[in-house]
Number of protein chains: 2
Amino acid sequence: MPHPNTDQISLPVVLGVLGDPTRLAIVRYLASKQGVPLNCSQFLDFGSKTNLSYHLAKLREAGVTRAEVVGTNRMITLRRADLDARFPGLLDSVIAAAGAEPALPAVGGHDLEIPA
Amino acid sequence: MPHPNTDQISLPVVLGVLGDPTRLAIVRYLASKQGVPLNCSQFLDFGSKTNLSYHLAKLREAGVTRAEVVGTNRMITLRRADLDARFPGLLDSVIAAAGAEPALPAVGGHDLEIPA
DNA sequence: TCCTTAGTTCAAAGGTTATTGAACAATTGG
DNA sequence: CCAATTGTTCAATAACCTTTGAACTAAGGA
């Protein structure tokens with residue numbers, strides 16, 4: 001499970017990765033949980049298991065998230081401090097901007113509680 | 001030449017569009033000119049005429065830039081106020097972040113002067 | 001040990017993106 | 001009118017992205 005170092009995180013790559021509605025929803029959801037690690041299954045509202053594996057890998061490879069293996073789970077966190085160090089203010093303004101937009105509808109049709 | 005209204009500007013689309021090194025360089029260059037309109041030819045360092053037409057159309061359709069026909073020229077400006085209204089702080093942090101990164105090398109190999 | 005849970009990997013399909021050169025349109029200036 | 005300048009459109013190509021189901025691996029619990 002490769003993660004880039006902080007100084008290897010590339011702006012176009014980060015922006016490109018966040019330019020997908022599913023991944024943006026994942027990041028927004030992670031941010032709403034304030035650093036509490038989530039396992040992959042908690043994102044099932046955003047897509048199938050296989051599809052999530054794909055999107056979470058993209059986020060990880062771009063340096064946006066960190067995945068840690070804990071038993072049979074992979075716990076996902078936002079790399080907030082690393083992103084803030086590399087691109088100050090960027091993540092905050094993206095997350096704030098995401099709040100000003102209609103979120104990705106969850107698969108079941110029900111909405112996820114994401115505080116503003 | 002369609003431009004989206006301010007409230008039609010979509011965050012994933014904007015992020016996706018900025019997630020390309022050529023377009024990010026164009027936006028950075030525009031920002032460095034502080035609102036002075038530039039015609040397409042002034043971006044020739046970033047790509048061929050045809051290729052620029054393509055990238056500038058993407059930026060325009062995403063709502064990042066505005067193109068105004070003046071004689072045989074199309075004058076390009078950043079939609080700074082519109083983007084700030086829709087996604088406060090986003091453009092600034094992206095531009096600041098772009099300054100923390102190696103810029104797209106210009107075609108001739110020479111560097112463009114983009115103030116920090 | 002056997003089964004379940006949690007995720008990944010693979011291959012395939014279908015769609016989109018970036019880049020190119022050639023041909024085209026529109027405006028200006030001589 | 002003619003020619004030069006500016007930029008767009010088109011067709012083609014190659015690369016990449018997203019989504020899917022089936023098969024797989026690895027750890028934990030009964």
# chains A, B, ... in the order shown; residues from 1 in each chain; ligands from 1
>>> residues_around(residues="DC24 in chain D", least_positions_apart="3", cutoff="10 Å", atoms="only C-alpha atoms (C1' of nucleotides)", output="NGL selection string")
:C and (8-10)
>>> write_last_selection(atoms="C-alpha atoms (C1' of nucleotides)", output="compact mmCIF listing (two decimals), in the first residue's frame")
# COMPACT_ATOMS: atom_id res chain seq x y z
C1' DT C 8 -7.98 -6.39 -3.23
C1' DT C 9 -6.94 -7.89 -7.96
C1' DC C 10 -8.14 -9.08 -12.58
>>> select_by_dssp(residues="chain A", states="strand (DSSP E)", output="compact mmCIF listing (two decimals) with N, CA and C atoms, in the first residue's frame")
# COMPACT_ATOMS: atom_id res chain seq x y z
N LEU A 38 -12.06 5.67 9.49
CA LEU A 38 -13.21 4.91 9.00
C LEU A 38 -12.71 3.73 8.18
N ASN A 39 -13.40 2.62 8.29
CA ASN A 39 -13.01 1.53 7.40
C ASN A 39 -13.83 1.63 6.11
N THR A 65 -5.41 10.65 1.35
CA THR A 65 -5.80 9.85 2.50
C THR A 65 -4.67 8.92 2.91
N ARG A 66 -4.77 8.41 4.11
CA ARG A 66 -3.84 7.39 4.58
C ARG A 66 -4.66 6.15 4.92
N ALA A 67 -4.14 4.98 4.59
CA ALA A 67 -4.81 3.73 4.91
C ALA A 67 -3.90 2.92 5.81
N GLU A 68 -4.45 2.47 6.91
CA GLU A 68 -3.67 1.69 7.86
C GLU A 68 -4.36 0.35 8.05
N VAL A 69 -3.58 -0.72 7.96
CA VAL A 69 -4.15 -2.05 8.12
C VAL A 69 -4.28 -2.37 9.60
N VAL A 70 -5.51 -2.69 9.99
CA VAL A 70 -5.78 -3.07 11.38
C VAL A 70 -6.60 -4.34 11.33
N ASN A 73 -9.29 -4.97 8.68
CA ASN A 73 -9.80 -3.67 8.22
C ASN A 73 -8.67 -2.79 7.70
N ARG A 74 -9.02 -1.90 6.81
CA ARG A 74 -8.12 -0.79 6.46
C ARG A 74 -8.78 0.49 6.95
N MET A 75 -8.13 1.11 7.90
CA MET A 75 -8.69 2.33 8.47
C MET A 75 -8.20 3.52 7.66
N ILE A 76 -9.14 4.34 7.22
CA ILE A 76 -8.85 5.46 6.33
C ILE A 76 -8.92 6.76 7.11
N THR A 77 -7.92 7.61 6.94
CA THR A 77 -7.96 8.96 7.49
C THR A 77 -7.55 9.96 6.42
N LEU A 78 -8.01 11.20 6.61
CA LEU A 78 -7.56 12.30 5.76
C LEU A 78 -6.15 12.69 6.18
>>> closest_atom_pairs(of="chain A", to="chain D", cutoff="7 Å", atoms="only C-alpha atoms (C1' of nucleotides)", output="tab-separated table")
residue	atom	partner	partner_atom	distance
A:Asn51	CA	D:DT19	C1'	6.9
A:Gly71	CA	D:DA27	C1'	5.9
A:Thr72	CA	D:DA27	C1'	5.2
>>> interface_residues(of="chain C", to="chain A", cutoff="8 Å", atoms="only C-alpha atoms (C1' of nucleotides)", output="list in words")
DT5, DA6, DG7 and DT8 of chain C
>>> interface_residues(of="chain B", to="chain A", cutoff="6 Å", atoms="only C-alpha atoms", output="ChimeraX atom specification")
/B:12,15-16,19-21,87,89-90,93,97
>>> atom_distance(atom1="CA of Ile26 in chain A", atom2="C1' of DT17 in chain C")
23.8 Å
>>> select_by_dssp(residues="range 9-92 of chain B", states="alpha helix (DSSP H)", output="PyMOL selection string")
chain B and resi 11-18+21-32+49-62+80-86+90-92
>>> decode(residues="range 71-86 of chain A", atoms="N, CA and C atoms", output="tab-separated table (two decimals), in the first residue's frame")
chain	number	residue	atom	x	y	z
A	71	GLY	N	-5.93	-5.46	11.56
A	71	GLY	CA	-6.61	-6.74	11.42
A	71	GLY	C	-7.09	-6.89	9.99
A	72	THR	N	-8.35	-7.18	9.82
A	72	THR	CA	-8.87	-7.35	8.46
A	72	THR	C	-9.44	-6.04	7.91
A	73	ASN	N	-9.29	-4.97	8.68
A	73	ASN	CA	-9.80	-3.67	8.22
A	73	ASN	C	-8.67	-2.79	7.70
A	74	ARG	N	-9.02	-1.90	6.81
A	74	ARG	CA	-8.12	-0.79	6.46
A	74	ARG	C	-8.78	0.49	6.95
A	75	MET	N	-8.13	1.11	7.90
A	75	MET	CA	-8.69	2.33	8.47
A	75	MET	C	-8.20	3.52	7.66
A	76	ILE	N	-9.14	4.34	7.22
A	76	ILE	CA	-8.85	5.46	6.33
A	76	ILE	C	-8.92	6.76	7.11
A	77	THR	N	-7.92	7.61	6.94
A	77	THR	CA	-7.96	8.96	7.49
A	77	THR	C	-7.55	9.96	6.42
A	78	LEU	N	-8.01	11.20	6.61
A	78	LEU	CA	-7.56	12.30	5.76
A	78	LEU	C	-6.15	12.69	6.18
A	79	ARG	N	-5.29	13.01	5.22
A	79	ARG	CA	-3.94	13.48	5.57
A	79	ARG	C	-3.96	15.00	5.71
A	80	ARG	N	-4.74	15.44	6.67
A	80	ARG	CA	-5.00	16.86	6.85
A	80	ARG	C	-3.72	17.65	7.10
A	81	ALA	N	-2.94	17.22	8.07
A	81	ALA	CA	-1.72	17.97	8.43
A	81	ALA	C	-0.76	18.01	7.25
A	82	ASP	N	-0.61	16.88	6.56
A	82	ASP	CA	0.32	16.84	5.42
A	82	ASP	C	-0.15	17.75	4.30
A	83	LEU	N	-1.44	17.73	4.02
A	83	LEU	CA	-1.97	18.58	2.96
A	83	LEU	C	-1.87	20.05	3.34
A	84	ASP	N	-2.15	20.34	4.62
A	84	ASP	CA	-2.05	21.74	5.07
A	84	ASP	C	-0.61	22.23	4.98
A	85	ALA	N	0.32	21.34	5.30
A	85	ALA	CA	1.73	21.74	5.25
A	85	ALA	C	2.15	22.02	3.79
A	86	ARG	N	1.66	21.20	2.90
A	86	ARG	CA	2.10	21.30	1.51
A	86	ARG	C	1.34	22.41	0.78
